[in-house]
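**Student:** The following block contains the structure, expressed as structure tokens.
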Amino acid sequence: MKSIQVANAFILRHGSDIDITNLVLNKLVYFAQVESLRETGKPLFEDKIEAWPYGPVEKNVYFAFQKYGRNRIPKPEGEVTKDERTLSVVDRTARKYGFLTAFDLVGFSHRKNSAWKNVYREGESVEITNDDILASDDGLTFPQNTLASSLDEVNAKWRNTFRILRNA
């Protein structure tokens with residue numbers, strides 16, 4: 001399987017619920033690979049993942065959607081997988097990480113003992129191998145201190161804040 005097929009599944013199945021940009025898509029595809037490796041010990045796709053400045057990137061995915069820049073990706077580019085196991089991993093990954101902002105995902109991919117953090121070297125496109133992923137904390141911990149969690153804290157502390165802002 002190719003990473004682009006996984007990316008296309010995210011867009012087709014979750015593009016109306018998640019603001020999928022190229023940055024977000026690359027992180028979701030990466031975390032789908034992590035989920036598959038953690039669950040079965042087998043990769044979801046065979047394409048190489050590299051450690052770029054903003055986190056893990058699958059070059060084929062990045063270049064296929066580069067034309068959208070920072071904008072939302074409206075439609076798949078090419079073939080979408082029909083493999084049920086892959087679609088299940090895509091759906092589970094979307095539920096687990098889809099609510100996070102692009103920079104929540106970047107921050108999470110950059111945390112201590114992430115595969116990206118363990119291999120990244122500035123100015124180089126270093127491969128993140130399956131062994132690197134399995135040796136990391138990726139897929140074992142959940143994002144902390146995200147925009148979403150901060151909003152939850154504000155809502156818990158000052159219950160009417162968002163209602164007041166919504167009606168302002």
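Lettering and numbering for the structure tokens are positional, with chains as A, B, ... in the shown order, residues counted from 1 in each chain, and ligands counted from 1 in the shown order.
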List the spatial neighbours of Trp52 (chain A) as JSON, numbers by chain - criterion: any atom at most 9 Å away, only C-alpha atoms, same-chain residues fewer than 4 positions off excluded.

**Tutor:** {"A": [56, 57, 116, 120, 121, 122, 123, 124, 125, 126]}

**Student:** Tell me which protein, DNA and RNA residues are within 8 Å of Leu105 (chain A), counting only C-alpha atoms, leaving out same-chain ones fewer than 4 positions away, and put them as number ranges by chain.

**Tutor:** A: 24, 27, 97, 100-101, 109

**Student:** Next, write the just-selected residues to a file, as a PDB file, in the first residue's frame, keeping C-alpha atoms as the atom set.

**Tutor:**
ATOM      1  CA  VAL A  24      -2.350  18.028   9.216  1.00  0.00           C
ATOM      2  CA  LYS A  27       0.728  14.064  10.698  1.00  0.00           C
ATOM      3  CA  TYR A  97      -5.988  13.003  16.682  1.00  0.00           C
ATOM      4  CA  LEU A 100      -6.033  18.700  17.262  1.00  0.00           C
ATOM      5  CA  THR A 101      -4.864  21.824  15.462  1.00  0.00           C
ATOM      6  CA  SER A 109       5.303  15.055  17.102  1.00  0.00           C
TER       7      SER A 109
END

**Student:** Please provide as a list in words all residues within 8 Å of Arg72 (chain A), with the sequence filter that same-chain residues fewer than 4 positions apart are discarded (counting only C-alpha atoms).

**Tutor:**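 These residues fall inside the cut-off: Asp19, Ile20, Thr21, Asn22 and Tyr68 of chain A.
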
**Student:** According to DSSP computed on the backbone, where in region 23-100 of chain A is there strand (DSSP E or B)? Give the residues as a list in words.

**Tutor:**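 The strand (DSSP E or B) residues within region 23-100 of chain A come out as Ile49, Glu50, Ala51, Trp52, Gly55, Pro56, Val57 and Glu58 of chain A.
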
**Student:** Might you pull out every residue within 10 Å of Arg38 (chain A), with only C-alpha atoms counted and same-chain residues fewer than 5 positions away left off, and present them as JSON, numbers by chain?

**Tutor:** {"A": [32, 33, 43, 133, 134, 138, 139, 140]}

**Student:** So, with only C-alpha atoms as the atoms that count, which of A:Ala156, A:Val119, A:Leu87, A:Ile73 lies closest to Pro53 (chain A)?

**Tutor:**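 Among the listed residues, the smallest separation from Pro53 (chain A) belongs to A:Val119.
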
**Student:** To one decimal in Å, tell me the separation between CA of Val6 (chain A) and CA of Phe99 (chain A).

**Tutor:**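 So the answer is 18.4 Å.
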
**Student:** What's the separation between CA of Ile49 (chain A) and CA of Thr129 (chain A), in Å to one decimal place?

**Tutor:**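 Distance between the two atoms: 7.1 Å.
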
**Student:** Select, from A:Ala94, A:Leu165, A:Ala51, A:Leu37, the residue with the minimum atom-to-atom distance to Ala7 (chain A), counting only C-alpha atoms.

**Tutor:**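 So, comparing all the options, the nearest one is A:Ala94.
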
**Student:** What is the CA of Leu12 (chain A)-CA of Asp47 (chain A) distance in Å, reported with one decimal?

**Tutor:**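 CA of Asp47 (chain A) lies at a distance of 20.4 Å from CA of Leu12 (chain A).
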
**Student:** From a backbone DSSP assignment, name each residue in chain A labelled alpha helix (DSSP H), as a PyMOL selection string.

**Tutor:** chain A and resi 3-14+22-40+59-65+84-97+102-109+115-119+130-135+147-157+161-167
